[in-house]
Each structure stands twice: as structure tokens, then as C-alpha cells.
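Printed here is query-v1.cif (mmCIF, C-alpha atoms):
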data_final
loop_
_atom_site.label_atom_id
_atom_site.label_comp_id
_atom_site.auth_asym_id
_atom_site.auth_seq_id
_atom_site.Cartn_x
_atom_site.Cartn_y
_atom_site.Cartn_z
CA MET D 1 30.08 33.41 8.21
CA ARG D 2 30.65 34.85 11.67
CA SER D 3 27.45 36.81 11.75
CA PRO D 4 24.94 33.90 11.40
CA LEU D 5 26.85 31.99 14.08
CA ARG D 6 26.60 34.95 16.39
CA PHE D 7 22.89 35.23 15.61
CA VAL D 8 22.31 31.57 16.52
CA PHE D 9 24.32 32.04 19.70
CA SER D 10 22.22 35.08 20.65
CA ILE D 11 18.99 33.15 20.09
CA LEU D 12 20.23 30.23 22.20
CA LEU D 13 21.35 32.55 24.97
CA ALA D 14 17.99 34.37 24.85
CA THR D 15 16.11 31.07 25.15
CA LEU D 16 18.24 30.00 28.08
CA ILE D 17 17.83 33.28 29.94
CA GLY D 18 14.09 33.27 29.21
CA LEU D 19 13.56 29.75 30.53
CA VAL D 20 15.75 30.07 33.61
CA SER D 21 14.17 33.39 34.61
CA ALA D 22 10.66 31.95 34.04
CA TRP D 23 11.50 28.93 36.17
CA TYR D 24 12.93 31.13 38.91
CA PHE D 25 10.01 33.56 39.08
CA VAL D 26 7.36 30.83 38.95
CA ARG D 27 9.11 28.84 41.66
CA SER D 28 9.76 31.67 44.06
CA ALA D 29 6.14 32.83 43.73
CA THR D 30 7.07 36.40 44.46
CA SER D 31 4.23 37.40 42.24
CA LEU D 32 3.11 40.87 41.49
CA ASP D 33 -0.03 40.95 43.59
CA THR D 34 0.99 39.31 46.84
CA ILE D 35 -0.39 40.65 50.10
CA ARG D 36 2.43 40.76 52.63
CA VAL D 37 1.62 41.27 56.27
CA GLY D 38 4.75 40.74 58.33
CA GLN D 39 5.97 37.34 57.24
CA TRP D 40 2.52 36.23 56.04
CA ARG D 41 1.77 35.93 52.32
CA ALA D 42 -1.51 35.64 50.45
CA TRP D 43 -2.67 35.85 46.85
CA PRO D 44 -6.07 37.54 46.87
CA ASN D 45 -6.42 37.42 43.10
CA ALA D 46 -5.71 33.71 42.79
CA GLY D 47 -8.44 32.00 40.84
CA THR D 48 -10.01 35.26 39.66
CA GLU D 49 -9.87 36.95 36.28
CA ALA D 50 -7.11 39.21 37.62
CA TRP D 51 -4.91 36.25 38.58
CA ASP D 52 -1.31 37.12 37.72
CA PRO D 53 0.45 34.60 35.47
CA TYR D 54 3.23 33.83 37.95
CA SER D 55 1.09 32.66 40.85
CA ARG D 56 -1.21 30.92 38.34
CA ALA D 57 1.76 28.93 37.01
CA ASN D 58 3.04 28.36 40.53
CA MET D 59 -0.26 26.92 41.76
CA ALA D 60 -0.60 24.82 38.60
CA LYS D 61 2.82 23.32 39.29
CA ALA D 62 1.99 22.69 42.94
CA GLY D 63 -1.37 21.08 42.18
CA GLU D 64 -3.10 23.53 44.45
CA LEU D 65 -6.65 24.75 44.14
CA PRO D 66 -7.23 28.38 45.22
CA LEU D 67 -10.23 29.28 47.36
CA GLY D 68 -12.91 31.23 45.51
CA SER D 69 -13.50 34.87 46.45
CA GLY D 70 -16.85 33.87 48.00
CA GLU D 71 -15.15 31.21 50.06
CA GLY D 72 -12.09 32.65 51.74
CA LEU D 73 -8.42 33.54 51.63
CA THR D 74 -5.31 31.53 52.53
CA PHE D 75 -2.31 33.09 54.27
CA SER D 76 0.86 31.11 54.81
CA THR D 77 4.32 31.61 56.19
CA ARG D 78 7.54 29.63 56.37
CA HIS D 79 9.18 32.20 58.66
CA SER D 80 8.72 33.42 62.19
CA SER D 81 7.93 37.10 62.74
CA ALA D 82 11.64 37.61 63.46
CA GLY D 83 12.29 36.46 59.90
CA GLU D 84 13.82 33.09 60.73
CA LEU D 85 12.91 29.92 58.88
CA LEU D 86 10.46 27.78 60.87
CA ASP D 87 11.95 24.61 62.30
CA ALA D 88 9.76 21.66 63.35
CA ARG D 89 12.08 20.98 66.29
CA CYS D 90 11.43 24.41 67.78
CA SER D 91 8.40 25.68 69.68
CA TYR D 92 6.46 28.72 68.55
CA GLN D 93 3.67 30.81 69.88
CA ILE D 94 1.15 32.18 67.41
CA ALA D 95 -0.66 35.02 69.09
CA GLY D 96 -2.69 38.04 68.23
CA GLN D 97 -5.66 38.66 66.00
CA THR D 98 -6.92 37.66 62.59
CA PRO D 99 -8.73 39.82 60.05
CA PRO D 100 -12.54 39.60 60.33
CA ALA D 101 -13.71 36.15 59.25
CA ARG D 102 -16.69 34.03 60.22
CA LEU D 103 -14.43 31.01 60.58
CA TRP D 104 -10.70 30.47 60.35
CA THR D 105 -8.40 27.50 60.68
CA LEU D 106 -4.72 27.34 61.52
CA GLU D 107 -2.67 24.42 60.25
CA VAL D 108 0.94 23.37 60.70
CA ALA D 109 1.71 21.79 57.35
CA GLY D 110 4.93 20.16 56.28
CA LYS D 111 6.64 17.13 54.96
CA PRO D 112 5.79 14.05 57.03
CA VAL D 113 8.88 12.59 58.70
CA ALA D 114 9.63 9.14 57.34
CA GLY D 115 8.74 6.40 59.79
CA ALA D 116 6.78 8.70 62.11
CA ALA D 117 4.44 6.78 64.39
CA ASP D 118 1.28 8.49 63.23
CA ALA D 119 1.76 10.39 60.02
CA GLY D 120 -2.00 10.87 59.71
CA THR D 121 -2.33 13.22 62.69
CA ILE D 122 -3.90 16.52 61.85
CA ALA D 123 -2.05 19.49 63.22
CA ALA D 124 -4.80 22.04 62.74
CA ILE D 125 -7.31 23.92 64.85
CA GLY D 126 -10.45 25.89 64.05
CA SER D 127 -11.42 29.29 65.43
CA ASP D 128 -14.41 27.70 67.18
CA ALA D 129 -12.14 25.44 69.24
CA ILE D 130 -9.63 27.93 70.62
CA VAL D 131 -9.71 29.75 73.91
CA ARG D 132 -9.76 33.49 73.48
CA ARG D 133 -8.72 36.16 75.90
CA PRO D 134 -11.34 38.76 76.87
CA ASP D 135 -9.96 41.19 74.27
CA ASP D 136 -10.64 38.60 71.53
CA ARG D 137 -6.97 37.84 71.11
CA PHE D 138 -5.78 34.27 71.10
CA SER D 139 -2.61 32.25 71.49
CA ILE D 140 -1.76 28.87 69.97
CA ASN D 141 1.39 26.86 70.67
CA VAL D 142 3.16 24.95 67.95
CA GLY D 143 5.99 22.55 68.64
CA PRO D 144 7.16 18.99 69.07
CA ARG D 145 6.39 18.93 72.81
CA PRO D 146 2.94 19.22 74.43
CA ALA D 147 2.18 22.69 75.70
CA THR D 148 -0.62 24.16 77.76
CA GLY D 149 -3.61 25.74 76.06
CA SER D 150 -4.14 25.13 72.37
CA TRP D 151 -1.26 23.08 70.99
CA LEU D 152 -0.42 21.85 67.51
CA ASP D 153 2.05 18.99 67.25
CA SER D 154 4.90 19.44 64.78
CA SER D 155 6.90 16.36 65.87
CA ASN D 156 5.94 14.29 62.81
CA LEU D 157 6.78 17.02 60.34
CA SER D 158 9.78 18.67 58.77
CA LYS D 159 10.06 21.79 56.58
CA ILE D 160 7.02 23.23 58.28
CA GLN D 161 4.88 26.16 57.32
CA ILE D 162 1.94 27.72 59.07
CA VAL D 163 -1.23 28.10 57.05
CA LEU D 164 -4.05 30.40 58.14
CA ARG D 165 -7.26 30.06 56.15
CA LEU D 166 -9.90 32.73 56.60
CA TYR D 167 -13.42 31.79 55.55
CA ASP D 168 -16.16 34.24 54.64
CA THR D 169 -13.80 37.14 55.14
CA THR D 170 -13.57 40.75 54.07
CA ALA D 171 -9.76 40.41 53.87
CA ARG D 172 -10.01 39.77 50.13
CA SER D 173 -11.69 42.98 49.15
CA ALA D 174 -9.76 46.11 48.30
CA PRO D 175 -10.23 48.60 51.14
CA PHE D 176 -9.47 45.96 53.76
CA THR D 177 -6.35 44.41 52.25
CA ALA D 178 -4.35 47.54 53.04
CA ASN D 179 -4.29 47.25 56.83
CA LEU D 180 -4.75 43.68 57.91
CA GLU D 181 -3.68 42.49 61.32
CA LEU D 182 -2.32 38.97 61.47
CA PRO D 183 -0.97 37.00 64.43
CA LEU D 184 2.71 37.09 65.34
CA VAL D 185 4.78 33.92 65.21
CA THR D 186 7.33 33.98 68.01
CA GLU D 187 9.92 31.33 68.79
CA THR D 188 9.71 30.15 72.41
CA GLY D 189 12.51 27.60 72.47
CA CYS D 190 14.36 24.93 70.57
CA SER D 191 15.08 21.37 71.58
CA MET Z 1 32.56 41.77 -0.29
CA ILE Z 2 33.20 45.13 -1.81
CA ASP Z 3 33.83 46.61 1.67
CA HIS Z 4 37.35 45.24 1.68
CA PHE Z 5 38.41 47.54 -1.07
CA ILE Z 6 37.15 50.68 0.60
CA PRO Z 7 39.38 51.89 3.40
CA ILE Z 8 37.32 52.75 6.50
CA SER Z 9 38.39 54.92 9.34
CA TRP Z 10 38.85 53.63 12.91
CA SER Z 11 35.85 55.58 14.10
CA GLU Z 12 33.67 53.93 11.51
CA ARG Z 13 34.99 50.51 12.58
CA LEU Z 14 34.25 51.28 16.22
CA PHE Z 15 30.77 52.44 15.28
CA ASN Z 16 30.12 49.21 13.36
CA ARG Z 17 31.31 47.11 16.28
CA MET Z 18 29.13 49.05 18.75
CA ARG Z 19 26.16 48.63 16.46
CA ARG Z 20 26.71 44.86 16.40
CA TYR Z 21 26.90 44.68 20.19
CA ILE Z 22 23.74 46.72 20.58
CA TYR Z 23 21.99 44.62 17.95
CA HIS Z 24 22.88 41.34 19.65
CA GLY Z 25 22.17 42.71 23.11
CA LEU Z 26 18.71 43.78 22.02
CA LEU Z 27 18.16 40.46 20.28
CA ILE Z 28 19.01 38.56 23.47
CA PHE Z 29 16.93 40.88 25.64
CA ILE Z 30 13.80 40.77 23.48
CA GLY Z 31 14.20 37.05 22.74
CA ALA Z 32 14.59 36.22 26.45
CA GLY Z 33 11.50 38.32 27.21
CA ILE Z 34 9.40 36.49 24.65
CA VAL Z 35 10.58 33.07 25.85
CA HIS Z 36 10.02 34.08 29.49
CA ILE Z 37 6.45 35.28 28.95
CA THR Z 38 5.56 32.31 26.74
CA ALA Z 39 6.95 29.79 29.24
CA VAL Z 40 5.09 31.34 32.20
CA MET Z 41 1.82 31.52 30.24
CA LEU Z 42 2.09 27.92 29.04
CA VAL Z 43 2.70 26.32 32.43
CA PRO Z 44 -1.01 26.09 33.43
CA HIS Z 45 -1.86 24.60 30.02
CA PHE Z 46 0.79 21.91 30.14
CA ALA Z 47 1.18 21.23 33.87
CA GLU Z 48 0.46 17.55 34.36
CA LYS Z 49 0.04 17.70 38.11
CA ASP Z 50 -2.10 20.82 38.38
CA ALA Z 51 -5.31 20.80 40.37
CA TRP Z 52 -7.48 20.28 37.27
CA SER Z 53 -5.52 17.22 36.10
CA ARG Z 54 -5.81 15.78 39.58
CA LEU Z 55 -9.51 16.60 39.79
CA GLU Z 56 -10.13 14.89 36.47
CA VAL Z 57 -8.99 11.70 38.17
CA SER Z 58 -10.22 12.18 41.72
CA ALA Z 59 -13.57 13.92 41.16
CA GLY Z 60 -16.63 11.86 40.35
CA TYR Z 61 -18.19 12.31 36.91
CA PHE Z 62 -21.68 13.71 37.58
CA SER Z 63 -21.36 12.57 41.20
CA PHE Z 64 -19.62 13.96 44.28
CA LYS Z 65 -16.55 12.10 45.42
CA ILE Z 66 -14.63 12.90 48.61
CA LEU Z 67 -11.16 14.32 47.98
CA GLU Z 68 -8.30 12.72 49.85
CA MET Z 69 -5.76 14.86 51.60
CA GLY Z 70 -2.42 15.80 50.18
CA LYS Z 71 0.11 17.86 52.05
CA MET Z 72 0.95 21.36 50.97
CA LEU Z 73 4.61 22.09 50.90
CA GLU Z 74 6.66 25.01 49.75
CA SER Z 75 5.34 26.38 46.51
CA GLY Z 76 6.14 24.37 43.46
CA GLN Z 77 6.78 21.17 45.30
CA ILE Z 78 4.49 18.24 45.78
CA GLU Z 79 5.22 15.99 48.69
CA GLU Z 80 2.91 13.18 49.45
CA THR Z 81 2.64 10.59 52.17
CA GLY Z 82 2.49 6.90 51.34
CA LYS Z 83 -1.29 6.97 51.57
CA VAL Z 84 -1.68 9.86 49.23
CA GLY Z 85 -1.95 9.17 45.54
CA GLU Z 86 -1.01 11.14 42.45
CA ALA Z 87 -4.52 12.39 42.02
CA ASN Z 88 -4.72 14.11 45.39
CA LEU Z 89 -4.75 17.83 45.69
CA THR Z 90 -2.33 19.77 47.81
CA GLY Z 91 -3.29 22.55 50.15
CA LEU Z 92 -6.70 21.24 51.19
CA ASP Z 93 -7.84 22.28 54.66
CA PRO Z 94 -7.57 19.19 56.90
CA LEU Z 95 -10.47 20.41 59.05
CA PHE Z 96 -12.83 20.28 56.08
CA VAL Z 97 -14.35 17.40 54.18
CA GLN Z 98 -14.20 18.29 50.50
CA ALA Z 99 -15.91 16.60 47.63
CA ALA Z 100 -15.66 17.24 43.91
CA CYS Z 101 -17.92 16.57 40.95
CA ARG Z 102 -16.93 16.94 37.30
CA VAL Z 103 -19.68 18.03 34.95
CA GLN Z 104 -20.34 18.92 31.35
CA THR Z 105 -22.78 21.70 30.62
CA THR Z 106 -23.03 21.20 26.87
CA GLY Z 107 -25.86 18.66 27.01
CA ALA Z 108 -28.26 20.00 29.58
CA PRO Z 109 -28.36 22.21 32.68
CA VAL Z 110 -26.51 20.69 35.62
CA GLU Z 111 -28.23 20.61 38.97
CA ILE Z 112 -26.22 20.62 42.23
CA LYS Z 113 -28.32 19.77 45.26
CA PHE Z 114 -27.53 18.85 48.85
CA SER Z 115 -29.19 19.19 52.23
CA ASP Z 116 -27.90 22.07 54.33
CA PRO Z 117 -25.20 20.75 56.69
CA ASP Z 118 -26.10 23.48 59.21
CA ARG Z 119 -22.44 24.44 59.63
CA PHE Z 120 -19.97 26.42 57.55
CA TRP Z 121 -19.71 25.25 53.97
CA SER Z 122 -18.51 26.80 50.75
CA LEU Z 123 -18.63 25.90 47.11
CA GLY Z 124 -16.35 26.75 44.20
CA VAL Z 125 -16.81 26.06 40.50
CA TYR Z 126 -13.49 25.62 38.69
CA ASN Z 127 -12.54 25.68 35.02
CA HIS Z 128 -9.74 23.77 33.32
CA LEU Z 129 -7.18 26.48 34.13
CA ASN Z 130 -7.85 26.16 37.86
CA GLY Z 131 -9.74 29.46 37.84
CA VAL Z 132 -12.85 29.95 39.96
CA ILE Z 133 -15.80 30.97 37.83
CA PHE Z 134 -18.23 31.05 40.74
CA SER Z 135 -18.04 30.67 44.50
CA LEU Z 136 -20.17 31.24 47.56
CA ASN Z 137 -20.61 30.19 51.19
CA ASP Z 138 -23.51 29.04 53.33
CA ARG Z 139 -24.54 32.55 54.32
CA THR Z 140 -25.43 33.42 50.75
CA VAL Z 141 -28.03 30.69 50.64
CA GLU Z 142 -31.29 30.45 52.57
CA ARG Z 143 -31.42 27.67 55.13
CA GLY Z 144 -32.86 24.44 53.87
CA ASN Z 145 -31.83 22.63 50.77
CA ALA Z 146 -29.07 24.20 48.73
CA ARG Z 147 -29.70 24.05 44.99
CA PHE Z 148 -27.75 25.48 42.06
CA LEU Z 149 -28.00 25.25 38.32
CA LEU Z 150 -25.03 25.46 35.98
CA VAL Z 151 -26.24 26.51 32.55
CA THR Z 152 -24.99 27.71 29.20
CA ALA Z 153 -26.26 30.99 27.75
CA THR Z 154 -28.71 29.15 25.46
CA GLN Z 155 -30.06 27.03 28.28
CA ASN Z 156 -30.32 30.13 30.43
CA SER Z 157 -32.45 32.03 27.92
CA ARG Z 158 -34.66 28.98 27.48
CA ILE Z 159 -35.22 28.78 31.24
CA ARG Z 160 -35.92 32.52 31.36
CA GLU Z 161 -38.47 32.22 28.57
CA ARG Z 162 -40.27 29.34 30.17
CA ASP Z 163 -40.22 30.64 33.72
CA PRO Z 164 -39.32 34.31 34.25
CA LEU Z 165 -39.37 33.84 38.03
CA ALA Z 166 -36.86 30.98 38.01
CA PHE Z 167 -34.15 33.42 39.09
CA GLU Z 168 -35.92 34.30 42.27
CA ARG Z 169 -36.11 30.75 43.46
CA ASN Z 170 -32.81 29.37 42.22
CA ILE Z 171 -29.17 30.21 42.07
CA ILE Z 172 -28.38 30.00 38.39
CA VAL Z 173 -24.77 30.18 37.26
CA GLU Z 174 -24.25 30.91 33.58
CA THR Z 175 -21.01 29.73 32.02
CA ASP Z 176 -19.42 29.52 28.59
CA GLN Z 177 -17.14 26.66 29.64
CA ASP Z 178 -18.02 23.10 28.68
CA GLU Z 179 -16.22 21.25 31.41
CA LEU Z 180 -16.25 22.31 35.04
CA VAL Z 181 -15.50 20.87 38.44
CA VAL Z 182 -17.67 21.74 41.44
CA VAL Z 183 -15.83 21.54 44.76
CA LEU Z 184 -17.92 21.50 47.92
CA ARG Z 185 -16.14 22.08 51.24
CA ILE Z 186 -17.85 21.45 54.57
CA TYR Z 187 -16.32 22.32 57.94
CA ALA Z 188 -15.90 19.13 59.95
CA PRO Z 189 -13.18 19.45 62.60
CA SER Z 190 -13.90 16.27 64.58
CA ALA Z 191 -14.17 12.61 63.59
CA ILE Z 192 -17.90 12.64 64.42
CA ASP Z 193 -18.42 15.71 62.22
CA GLN Z 194 -16.51 14.05 59.43
CA ALA Z 195 -18.70 10.94 59.54
CA GLN Z 196 -21.86 13.09 59.45
CA VAL Z 197 -20.62 15.25 56.63
CA THR Z 198 -19.46 12.24 54.63
CA ASP Z 199 -23.00 10.85 54.86
CA LEU Z 200 -24.41 14.16 53.71
CA LEU Z 201 -22.03 14.31 50.77
CA THR Z 202 -22.97 10.80 49.71
CA GLY Z 203 -26.53 12.07 49.40
CA ALA Z 204 -25.54 15.20 47.47
CA SER Z 205 -26.58 15.18 43.84
CA CYS Z 206 -24.78 16.55 40.83
CA THR Z 207 -26.81 15.60 37.79
CA ALA Z 208 -27.65 16.70 34.28
CA LEU Z 209 -31.31 17.68 34.06
CA ALA Z 210 -33.34 16.45 31.15
CA ASP Z 211 -33.55 19.59 29.01
CA SER Z 212 -37.32 19.66 29.32
CA ASP Z 213 -37.15 19.85 33.11
CA GLY Z 214 -37.79 23.32 34.41
CA PRO Z 215 -35.80 24.63 37.34
#
Now, as a test, write the supplied structure out as C-alpha cells.
Amino acid sequence: MRSPLRFVFSILLATLIGLVSAWYFVRSATSLDTIRVGQWRAWPNAGTEAWDPYSRANMAKAGELPLGSGEGLTFSTRHSSAGELLDARCSYQIAGQTPPARLWTLEVAGKPVAGAADAGTIAAIGSDAIVRRPDDRFSINVGPRPATGSWLDSSNLSKIQIVLRLYDTTARSAPFTANLELPLVTETGCS
Amino acid sequence: MIDHFIPISWSERLFNRMRRYIYHGLLIFIGAGIVHITAVMLVPHFAEKDAWSRLEVSAGYFSFKILEMGKMLESGQIEETGKVGEANLTGLDPLFVQAACRVQTTGAPVEIKFSDPDRFWSLGVYNHLNGVIFSLNDRTVERGNARFLLVTATQNSRIRERDPLAFERNIIVETDQDELVVVLRIYAPSAIDQAQVTDLLTGASCTALADSDGP
């Protein structure tokens, strides 16, 4: 009598552990084949045959469509290079270099603040619109207050993340993924 | 229960208890593993808000339709503004105009044709599990009109039989999937660019060829 009860309990416990762990791993998207460069993350195998099941499930849940390997690669970060969570009320400088790409765009994405004057504003800039220094490095300011140079407004957003999309890039192919150089995200002040 | 009549030593009792713990521990471990793997694998099949489900609504059927913006948030979460509907995809590049066309290849070869926007563009062909079966960008294609054919293996061999040089003049994508969505993304950072590109996308065609039509 005790043994079948224990069996049923084991099965229930197994189901619970299985579901909770699946939910956790899919949600956290710490999948097996993530490229990590500093705080930046990318999934080079997303959409391909070698797509790992965790990021596949994660993107399915998020309703996101991966870029094809002939199109480009998306990097994103929710943290500054110092490892702190990005805050829309703070100002950041994104400076440095990107991996070789014919075109790239940098977006400040986030949850629109309720009642913001203009929720439709695009906080994104393309590589053809930025001013570069002679050594091909660039610097973009992100924050709620206007800044000199290239500036992306984060005042209408909360829970921000920075998304760097590289188009027609070699960053996706094997020998290049090992040593990619991505821009640093540095906090320059908080209001 | 004959066991009750046979006296067993304490060591035997301990051994039996250990065996039960190990048995149940293994049962939980293996069971949890099976449930875990099954759940993760099933998510893309049953997700109701995945990109494919959204594209089924927001893409045109045998015609390109411009995709509206959704906002990408932390993974696994969909946050949308008041303007953005259920059918909108998350994570689209706001500096691009993107259009999608849903097609069926079972009937006849599908022809995708648009005039070259003379700026960066890329194209991805997606299956129902949000996988990319084919993708390219503007550099892969000669300047002028961009033209692709989506064909099944049977249609492909028929085309090859009729016109062995068809492959030199066309980009032919063979697929074993019945239903696909073609997503075309064109770089358009300014409002003027967006208006131009929107015009171009309205003129883009995504049609099933009559089977007798050669490429």
C-alpha cells in the first residue's frame, strides 16, 4: 500500500521539477550556444538547423523572429560594462568598435512609459549616420537628457536594453566569433 | 506477505531501505529529465504568440504586407504599446521597413519579385517553427530587379528538365515545407526613406506561378 503511493509521489515530484526547471531555463535564455562578449549576448545559431532548443523555445515565447545567417546577427545587453543593470534615468556612453559589418544599427529598446508624450519616438541610429573618430571608433550617448554628438533618448522608456544589430557581417561564422570586439557601455551619470 | 515470517537482519533491512531511496531518487531524476526535455521541445509547437503565429495574422497571403513594430523586451516577455496589436512581432529593427508574405509551395512555384531599392536590404524565408530555411542580402544579388523562386523538389526537377540554364539566371530555393513566410527587410532610417520603401514594397510581388510558366 505504501509503495504505490510513494511511486505516485515520485512521479508528481519528477513532473514538477521537470516543468519548473524547463520554465526557468527557457526564460533565462542562458542557452548552450550563446556568444558572450563582455555584457553583450548573441545567439548565432538562432534560426539555423543547429538552433539549441532553449533559445528556440525562448524566442517562440517572446514572439521574436531571428535574423537569417545571410542577413545579420543581433547582440543585446541589459547591463553596462561594469555589470550594472541599465536604468533609463541614467546616461550612458556607448563607445568603441563593432565587428566587421556592412551596416549596423544601435537601438535603445524598452517598455514605453505610460502616458509619455511621444511613445512612438525611435531611439535608434544607423552606422551611416554616426560621426566616427579618425581611428574608426565611435561614441553614442544614451540617456534621458540631450547630449552632444549622437544621442539616443531613453526618457520615454523603462527597463531598457541596448540592441546592436550587425547586417552582412562575418561575426556569425566560426573563426570570427572567438574574438569579437564590441563597444563598451559606460555610465556617465544618473539624474 | 511471506516476508513477515522470515526474520531479517538489520543489515538486510538497511540495504532494502537504501535500495528504495535509490530507486525513487532515480525515478525522480529520470522522470524530471524526460518532462524537462519534452516541455522545452514542445514550446515552439504550442506557443501561441510565437513569430509564426503572429506572421500568420500580420503577413499578407501571397502578397507583401508591412509589419508593424512591436517592442522587444527582456526575453520571454511581450510588452506592447497601445498602438501595437497582438499580431505584431517583437524585436524588429525600427530603422527598417519590413514586409512579410505567406505562401504555399504545394500548388506551384512561388515567385518573389521586387525592384532593387538601391540600399541595404535582406530577405529571410521562415518555416512554421520560426527557423530560417534561406536568407540573403542585397550584395548576393546583381543590381536590377531581384527575383527568387521557391519550389518543391518535384517542381525543381521539372524546371531543370525544361530549362537547364534556369539556375544561372534565377535564384531558386528548394524546400520540402508546404507553408513558408518570406520576410523582406529594407533599411530606411528616415521618414522620407520609409515613404519610398513603402511604395517599393507595395509594388513587390509574391505570387504563385502557373505551373506551365518557366522561370
Interface, chain D side, toward chain Z (8 Å; only C-alpha atoms) as a PyMOL selection string: chain D and resi 7+10-11+13-19+21-23+26-29+46-49+53-54+56-71+103+105+107+109-112+119+122+124-126+159-161+165+168
Write out as a short mmCIF file (atom, residue, chain, number, x, y, z; two decimals) with C-alpha atoms, in the frame of the given file the residues lying within 7 Å of Gly60 of chain Z, counting only C-alpha atoms and excluding same-chain residues fewer than 6 positions away.
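What ended up in result_25.cif:
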data_model
loop_
_atom_site.label_atom_id
_atom_site.label_comp_id
_atom_site.auth_asym_id
_atom_site.auth_seq_id
_atom_site.Cartn_x
_atom_site.Cartn_y
_atom_site.Cartn_z
CA ALA Z 100 -15.66 17.24 43.91
CA CYS Z 101 -17.92 16.57 40.95
CA ARG Z 102 -16.93 16.94 37.30
#
Between atom CA of Ser81 of chain D and atom CA of Ala147 of chain D - distance in Å to one decimal: 20.2 Å
Atomic separation - atom CA of Asp116 of chain Z relative to atom CA of Thr98 of chain D, Å: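 Distance reported for this atom pair: 27.4 Å.
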Exercise: Gly96 of chain D partners within 8 Å, only C-alpha atoms, chain neighbours under 6 positions left out, as a PyMOL selection string: chain D and resi 137-139+182-184
Expected selection from the PyMOL selection byres ((chain Z and resi 144) around 9), given as a list in words: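 Checked against the file, the PyMOL selection byres ((chain Z and resi 144) around 9) matches Ser115, Asp116, Pro117, Asp118, Val141, Glu142, Arg143, Asn145 and Ala146 of chain Z.
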Given all atoms listed in the file as the counted atoms, nearest of D:Val163, D:Ser173, D:Gln93, D:Val113 to Gly149 of chain D: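 Checking each of D:Val163, D:Ser173, D:Gln93, D:Val113 against Gly149 of chain D, counting all atoms listed in the file, the winner is D:Gln93.
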Neighbour list for Leu150 of chain Z as a list in words, cut-off 7 Å, only C-alpha atoms, skip fewer than 6 positions in-chain: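 My reading of the contact set: Thr105, Pro109, Val110, Glu111, Ile172, Val173 and Glu174 of chain Z.
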